[in-house]
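The structure appears below as structure tokens.
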Amino acid sequence: MRDLKDILKYIEIDAPSQLVKHLRLDSREVTPGDVFVAIKGHTLDGGQFINKAIENGAIAIIADRLCEFESSFEPLYLVSELDKKLPELASRFYSQPSQTLDLIGVTGTNGKSTTTAMIAHLAQFCSTESAIIGTLGYGHPDNLIPLINTTPSTVDLQHILSDLNSQHKKLIAMEVSSHGLVQQRVAKCQFKAAVFTNLSRDHLDYHGDMASYGDAKLMLFRDFEPQVVVLNQDDFQAEQWLEKYDFNNLICYGRKNLAPKNARYVYFSDVEYSSEGISAQLSTSWGDISIKSPLFGEFNLYNLTAALATLLGLGYPLEQLVAGCAQLQPVAGRMQAFSQAGMPTCVVDYAHTPDALALALQALQLHVPGGVSCVFGCGGDRDKGKRALMAQAAEQNANKIIITSDNPRSENPDDIIADVAGGLTHPQNAHLEADRAAAIRFAIENATADDVILIAGKGHEDYQIIGDKRIDFCDRRYVQEQLKKAVRGITQ
Ligand SMILES: CC(=O)N[C@H]1[C@@H](OP(=O)(O)OP(=O)(O)OC[C@H]2O[C@@H](n3ccc(=O)[nH]c3=O)[C@H](O)[C@@H]2O)O[C@H](CO)[C@@H](O)[C@@H]1O[C@H](C)C(=O)N[C@@H](C)C(=O)N[C@H](CCC(=O)O)C(=O)O
Ligand SMILES: Nc1ncnc2c1ncn2[C@@H]1O[C@H](COP(=O)(O)OP(=O)(O)OP(=O)(O)O)[C@@H](O)[C@H]1O
């Protein structure tokens, strides 16, 4: 329990003493003893849910002056510009947990989940209690609690950090989305390290153009004064930032050996790919060493060097970290391979941008001797400009293309598939199948044992959103079932 009086003073409100349990932004999550915070959002007005929150047991309301509502409930605190003050309120409410944790923020278009999981696994390998927060959920990477957003709201985030703190977690690797940065969800967080993976086309429906998208990511490095800044030197966006800004305690990683004079570095070279994974030489400011890891794709080597650079920058020992690399397992639905003797290898991956799809396909071409088939689709009610680009990425990098449904949402799946196929130079070579299960079966039935099938776009998800329904469907489970059935000769 916390005294609301002690918290509200930080946003200059003089309130009587009142013991409360939690802050809640969503009326549906309010339980007896909580405080409901009503703010105007992108589509709804939190004010309209005040009565619902009271019904659910809210014992105090804090509302934005802009909210429209009718309520004579007391205490009801009206605050102007509440959205701007909320991070301070939330962080004070939960006793500023980021100040006692080693909080690491990872941003970039692709690789955030993988990099955060690698950081947490490697830190754990070095005996530091660690957790992640991101698209996959929060908590220990092997036992995650699901989240609605990749980067939770400022209120949920401070609550989660405080919970992890009380579970004696020391290092928290969290994904920081561009939406999270712009919407101030991470404001008032103290980051020990900020890590950049890469920038490519995504979320233009929200940010409008690439420059604004890039500027949103830059906030993590410029506005938060992290103790260590870790940048992918091979990425165009990072290169531009390096020309324009001086970053304190900079560590560069990647292939290029071009770190600014005052920066430390982690570079990889002599990369070898096999069906067992990847190996390379590392040249670092902490010494040179060979690494081996059971991961697929050069991009995972980027993620791994980002994770190593971060932990080295925080003082973890190189040799122990490298020993940990050999033990790493793929993150759920991230280049996760499934195989059965005599059957094509199936790889489930979350690639859902043109860039990620191309890279995932190129990666598989290097690791296996046969051809590569690609099963993919595009989400409905999202950036339509991406659809043709996804088709081009598949056509340029796969031997066989099967276009199917992703999460069609309110759109007709066949219309989305037609938009995607419209981006192909040779549409006659692609197989179009709106039923995702049938599309996967088709790919398996039309591949040889030397081939690999990339099933892209949904990764760890175990549902499809069709219309307004969430249908149970898990690529990983379905692929495993089909491979087993095929081995027993009963593929339907
Ligand atoms: C467009 C957008 O980003 N919306 C985010 C925003 O919601 P909002 O404040 O605009 O919400 P709203 O729906 O207008 O509702 C207004 C208020 O009424 C409240 N409410 C609403 C309904 C109700 O029954 N009771 C109730 O109290 C809401 O909790 C909210 O406080 O703030 C909320 C709290 O932080 C977020 O959960 C929500 O994310 C929505 C669900 C979302 O889909 N966001 C996506 C675009 C997003 O943020 N994605 C990134 C990842 C991107 C990536 O893949 O890299 C992410 O970090 O998740
Ligand atoms: N460093 C990288 N560069 C480019 N592509 C990558 C990289 N790492 C992973 N990918 C690809 O992007 C997909 C998503 O990876 P991951 O979940 O780690 O990224 P993310 O940034 O967390 O994305 P999201 O928040 O949407 O989950 C992977 O399945 C893989 O295909």
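Residues in the structure tokens are numbered from 1 in each chain, the chains being A, B, ... in the order shown, and ligands are numbered from 1 in the order shown.
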
>> Show me which residues are within 9 Å of ligand 1 counting only C-alpha atoms and all ligand atoms, and format the list as a PyMOL selection string.
In response: chain A and resi 24-30+36-50+52-53+107-110+112+134-135+147-156+175-181+183-185+202-203+206

> Within 9 Å of ligand 2, counting only C-alpha atoms and all ligand atoms: which residues, as JSON, numbers by chain?
Replying inline: {"A": [106, 107, 108, 109, 110, 111, 112, 113, 114, 115, 116, 117, 134, 135, 136, 150, 151, 175, 176, 177, 197, 198, 199, 200, 297, 298, 299, 300, 301, 302, 303, 304, 306, 331, 333, 334, 335, 336, 348, 349, 350, 351, 352, 353, 355, 356, 357, 358, 359, 360, 361, 456, 457, 458, 459, 460]}

Now that the selection is made, can you save its residues with C-alpha atoms as a PDB file, in the first residue's frame?
```pdb
ATOM      1  CA  VAL A 106      17.206  -2.090 -26.786  1.00  0.00           C
ATOM      2  CA  THR A 107      15.681  -0.292 -29.759  1.00  0.00           C
ATOM      3  CA  GLY A 108      15.690  -0.794 -33.548  1.00  0.00           C
ATOM      4  CA  THR A 109      13.327  -2.168 -36.188  1.00  0.00           C
ATOM      5  CA  ASN A 110      14.463  -5.784 -35.942  1.00  0.00           C
ATOM      6  CA  GLY A 111      16.327  -7.829 -33.393  1.00  0.00           C
ATOM      7  CA  LYS A 112      15.044  -6.277 -30.166  1.00  0.00           C
ATOM      8  CA  SER A 113      13.439  -9.434 -28.713  1.00  0.00           C
ATOM      9  CA  THR A 114      16.371 -11.594 -29.735  1.00  0.00           C
ATOM     10  CA  THR A 115      18.991  -9.192 -28.390  1.00  0.00           C
ATOM     11  CA  THR A 116      17.212  -8.662 -25.063  1.00  0.00           C
ATOM     12  CA  ALA A 117      16.840 -12.445 -24.619  1.00  0.00           C
ATOM     13  CA  GLY A 134       9.134  -6.945 -24.554  1.00  0.00           C
ATOM     14  CA  THR A 135       7.000  -8.474 -27.296  1.00  0.00           C
ATOM     15  CA  LEU A 136       7.411 -11.951 -25.811  1.00  0.00           C
ATOM     16  CA  THR A 150       6.138  -4.468 -26.609  1.00  0.00           C
ATOM     17  CA  THR A 151       6.907  -1.493 -24.361  1.00  0.00           C
ATOM     18  CA  GLU A 175      12.657  -3.637 -25.727  1.00  0.00           C
ATOM     19  CA  VAL A 176      12.009   0.035 -26.287  1.00  0.00           C
ATOM     20  CA  SER A 177       9.679   0.552 -29.245  1.00  0.00           C
ATOM     21  CA  THR A 197      20.074  -2.783 -33.616  1.00  0.00           C
ATOM     22  CA  ASN A 198      19.057  -1.300 -36.984  1.00  0.00           C
ATOM     23  CA  LEU A 199      16.481   0.798 -38.803  1.00  0.00           C
ATOM     24  CA  SER A 200      14.394  -0.223 -41.801  1.00  0.00           C
ATOM     25  CA  GLY A 297      21.779 -16.086 -39.789  1.00  0.00           C
ATOM     26  CA  GLU A 298      24.290 -13.281 -39.878  1.00  0.00           C
ATOM     27  CA  PHE A 299      21.734 -10.994 -38.260  1.00  0.00           C
ATOM     28  CA  ASN A 300      21.863 -13.184 -35.180  1.00  0.00           C
ATOM     29  CA  LEU A 301      25.592 -12.588 -35.095  1.00  0.00           C
ATOM     30  CA  TYR A 302      24.801  -8.862 -35.069  1.00  0.00           C
ATOM     31  CA  ASN A 303      22.345  -9.441 -32.213  1.00  0.00           C
ATOM     32  CA  LEU A 304      24.928 -11.511 -30.381  1.00  0.00           C
ATOM     33  CA  ALA A 306      25.265  -6.232 -29.609  1.00  0.00           C
ATOM     34  CA  VAL A 331      14.208 -17.437 -28.933  1.00  0.00           C
ATOM     35  CA  GLY A 333       9.633 -18.223 -33.100  1.00  0.00           C
ATOM     36  CA  ARG A 334      12.898 -16.470 -34.006  1.00  0.00           C
ATOM     37  CA  MET A 335      14.706 -18.599 -36.627  1.00  0.00           C
ATOM     38  CA  GLN A 336      13.494 -21.645 -34.692  1.00  0.00           C
ATOM     39  CA  VAL A 348       9.545 -20.531 -37.981  1.00  0.00           C
ATOM     40  CA  ASP A 349      10.531 -16.899 -37.874  1.00  0.00           C
ATOM     41  CA  TYR A 350       8.934 -13.599 -36.952  1.00  0.00           C
ATOM     42  CA  ALA A 351      10.271 -11.703 -40.015  1.00  0.00           C
ATOM     43  CA  HIS A 352       7.432  -9.339 -40.891  1.00  0.00           C
ATOM     44  CA  THR A 353       9.248  -6.516 -42.644  1.00  0.00           C
ATOM     45  CA  ASP A 355      14.198  -6.277 -44.811  1.00  0.00           C
ATOM     46  CA  ALA A 356      13.806  -8.992 -42.171  1.00  0.00           C
ATOM     47  CA  LEU A 357      12.235 -11.391 -44.679  1.00  0.00           C
ATOM     48  CA  ALA A 358      15.100 -10.930 -47.150  1.00  0.00           C
ATOM     49  CA  LEU A 359      17.690 -11.402 -44.405  1.00  0.00           C
ATOM     50  CA  ALA A 360      16.014 -14.519 -43.000  1.00  0.00           C
ATOM     51  CA  LEU A 361      15.898 -16.096 -46.483  1.00  0.00           C
ATOM     52  CA  ALA A 456       7.549 -16.198 -41.689  1.00  0.00           C
ATOM     53  CA  GLY A 457       5.605 -13.453 -39.979  1.00  0.00           C
ATOM     54  CA  LYS A 458       4.015 -14.877 -36.859  1.00  0.00           C
ATOM     55  CA  GLY A 459       6.934 -16.332 -34.907  1.00  0.00           C
ATOM     56  CA  HIS A 460       5.889 -16.935 -31.291  1.00  0.00           C
TER      57      HIS A 460
END
```

> Got a sec to tell me which of range 253-397 of chain A DSSP assigns to helix (DSSP H, G or I), as a VMD selection string?
Replying inline: chain A and resid 298 to 313 318 to 325 354 to 367 386 to 397

>> At a cut-off of 12 Å, using only C-alpha atoms, what residues contact range 383-393 of chain A? Leave out same-chain residues fewer than 5 positions from it and give the result as a PyMOL selection string.
In response: chain A and resi 200-209+351-362+374-378+398-406+408+411+415-427+429-430+432+456-457

> Between A:Gln99, A:Gln167, A:Gln320, A:Gln240, which has the minimum distance to Lys188 in chain A (counting only C-alpha atoms)?
Replying inline: A:Gln99

>> So that I can check the secondary structure, give me every residue of range 163-260 of chain A assigned strand (DSSP E or B) by backbone DSSP, as an MDAnalysis selection string.
In response: chainID A and resid 171:175 193:196 228:232 250:254

Those selected residues, please, written with N, CA and C atoms and delivered as a PDB file, in the first residue's frame.
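To be explicit, this is the file written out as part02.pdb:
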```pdb
ATOM      1  N   LEU A 171      19.444  -7.439 -13.468  1.00  0.00           N
ATOM      2  CA  LEU A 171      19.581  -6.863 -14.805  1.00  0.00           C
ATOM      3  C   LEU A 171      18.284  -7.073 -15.585  1.00  0.00           C
ATOM      4  N   ILE A 172      17.754  -5.985 -16.153  1.00  0.00           N
ATOM      5  CA  ILE A 172      16.523  -6.080 -16.943  1.00  0.00           C
ATOM      6  C   ILE A 172      16.833  -5.581 -18.352  1.00  0.00           C
ATOM      7  N   ALA A 173      16.660  -6.476 -19.341  1.00  0.00           N
ATOM      8  CA  ALA A 173      16.869  -6.068 -20.730  1.00  0.00           C
ATOM      9  C   ALA A 173      15.492  -5.840 -21.341  1.00  0.00           C
ATOM     10  N   MET A 174      15.212  -4.591 -21.701  1.00  0.00           N
ATOM     11  CA  MET A 174      13.861  -4.323 -22.215  1.00  0.00           C
ATOM     12  C   MET A 174      13.861  -3.770 -23.624  1.00  0.00           C
ATOM     13  N   GLU A 175      12.829  -4.172 -24.388  1.00  0.00           N
ATOM     14  CA  GLU A 175      12.657  -3.637 -25.727  1.00  0.00           C
ATOM     15  C   GLU A 175      12.003  -2.267 -25.619  1.00  0.00           C
ATOM     16  N   ALA A 193      22.352   1.046 -20.001  1.00  0.00           N
ATOM     17  CA  ALA A 193      22.867   0.947 -21.371  1.00  0.00           C
ATOM     18  C   ALA A 193      21.714   1.105 -22.344  1.00  0.00           C
ATOM     19  N   ALA A 194      22.021   1.725 -23.504  1.00  0.00           N
ATOM     20  CA  ALA A 194      21.023   1.850 -24.579  1.00  0.00           C
ATOM     21  C   ALA A 194      21.635   1.225 -25.821  1.00  0.00           C
ATOM     22  N   VAL A 195      20.884   0.351 -26.474  1.00  0.00           N
ATOM     23  CA  VAL A 195      21.427  -0.452 -27.574  1.00  0.00           C
ATOM     24  C   VAL A 195      20.589  -0.232 -28.834  1.00  0.00           C
ATOM     25  N   PHE A 196      21.273  -0.023 -29.962  1.00  0.00           N
ATOM     26  CA  PHE A 196      20.576   0.158 -31.244  1.00  0.00           C
ATOM     27  C   PHE A 196      20.899  -1.014 -32.153  1.00  0.00           C
ATOM     28  N   VAL A 228      26.108   3.638 -20.986  1.00  0.00           N
ATOM     29  CA  VAL A 228      26.804   3.041 -22.126  1.00  0.00           C
ATOM     30  C   VAL A 228      25.883   3.114 -23.351  1.00  0.00           C
ATOM     31  N   VAL A 229      26.444   3.555 -24.499  1.00  0.00           N
ATOM     32  CA  VAL A 229      25.673   3.616 -25.753  1.00  0.00           C
ATOM     33  C   VAL A 229      26.262   2.589 -26.716  1.00  0.00           C
ATOM     34  N   VAL A 230      25.428   1.667 -27.196  1.00  0.00           N
ATOM     35  CA  VAL A 230      25.914   0.572 -28.057  1.00  0.00           C
ATOM     36  C   VAL A 230      25.261   0.711 -29.427  1.00  0.00           C
ATOM     37  N   LEU A 231      26.071   0.982 -30.463  1.00  0.00           N
ATOM     38  CA  LEU A 231      25.506   1.227 -31.802  1.00  0.00           C
ATOM     39  C   LEU A 231      26.044   0.245 -32.827  1.00  0.00           C
ATOM     40  N   ASN A 232      25.145  -0.173 -33.732  1.00  0.00           N
ATOM     41  CA  ASN A 232      25.522  -1.033 -34.856  1.00  0.00           C
ATOM     42  C   ASN A 232      26.146  -0.153 -35.936  1.00  0.00           C
ATOM     43  N   LEU A 250      30.740   5.317 -25.775  1.00  0.00           N
ATOM     44  CA  LEU A 250      30.222   4.656 -26.978  1.00  0.00           C
ATOM     45  C   LEU A 250      30.915   3.312 -27.204  1.00  0.00           C
ATOM     46  N   ILE A 251      30.132   2.295 -27.565  1.00  0.00           N
ATOM     47  CA  ILE A 251      30.707   1.019 -28.025  1.00  0.00           C
ATOM     48  C   ILE A 251      30.100   0.727 -29.391  1.00  0.00           C
ATOM     49  N   CYS A 252      30.945   0.527 -30.405  1.00  0.00           N
ATOM     50  CA  CYS A 252      30.461   0.210 -31.744  1.00  0.00           C
ATOM     51  C   CYS A 252      30.602  -1.289 -31.967  1.00  0.00           C
ATOM     52  N   TYR A 253      29.639  -1.858 -32.699  1.00  0.00           N
ATOM     53  CA  TYR A 253      29.756  -3.276 -33.039  1.00  0.00           C
ATOM     54  C   TYR A 253      29.377  -3.472 -34.493  1.00  0.00           C
ATOM     55  N   GLY A 254      29.750  -4.633 -35.033  1.00  0.00           N
ATOM     56  CA  GLY A 254      29.417  -4.948 -36.428  1.00  0.00           C
ATOM     57  C   GLY A 254      30.612  -5.555 -37.124  1.00  0.00           C
TER      58      GLY A 254
END
```
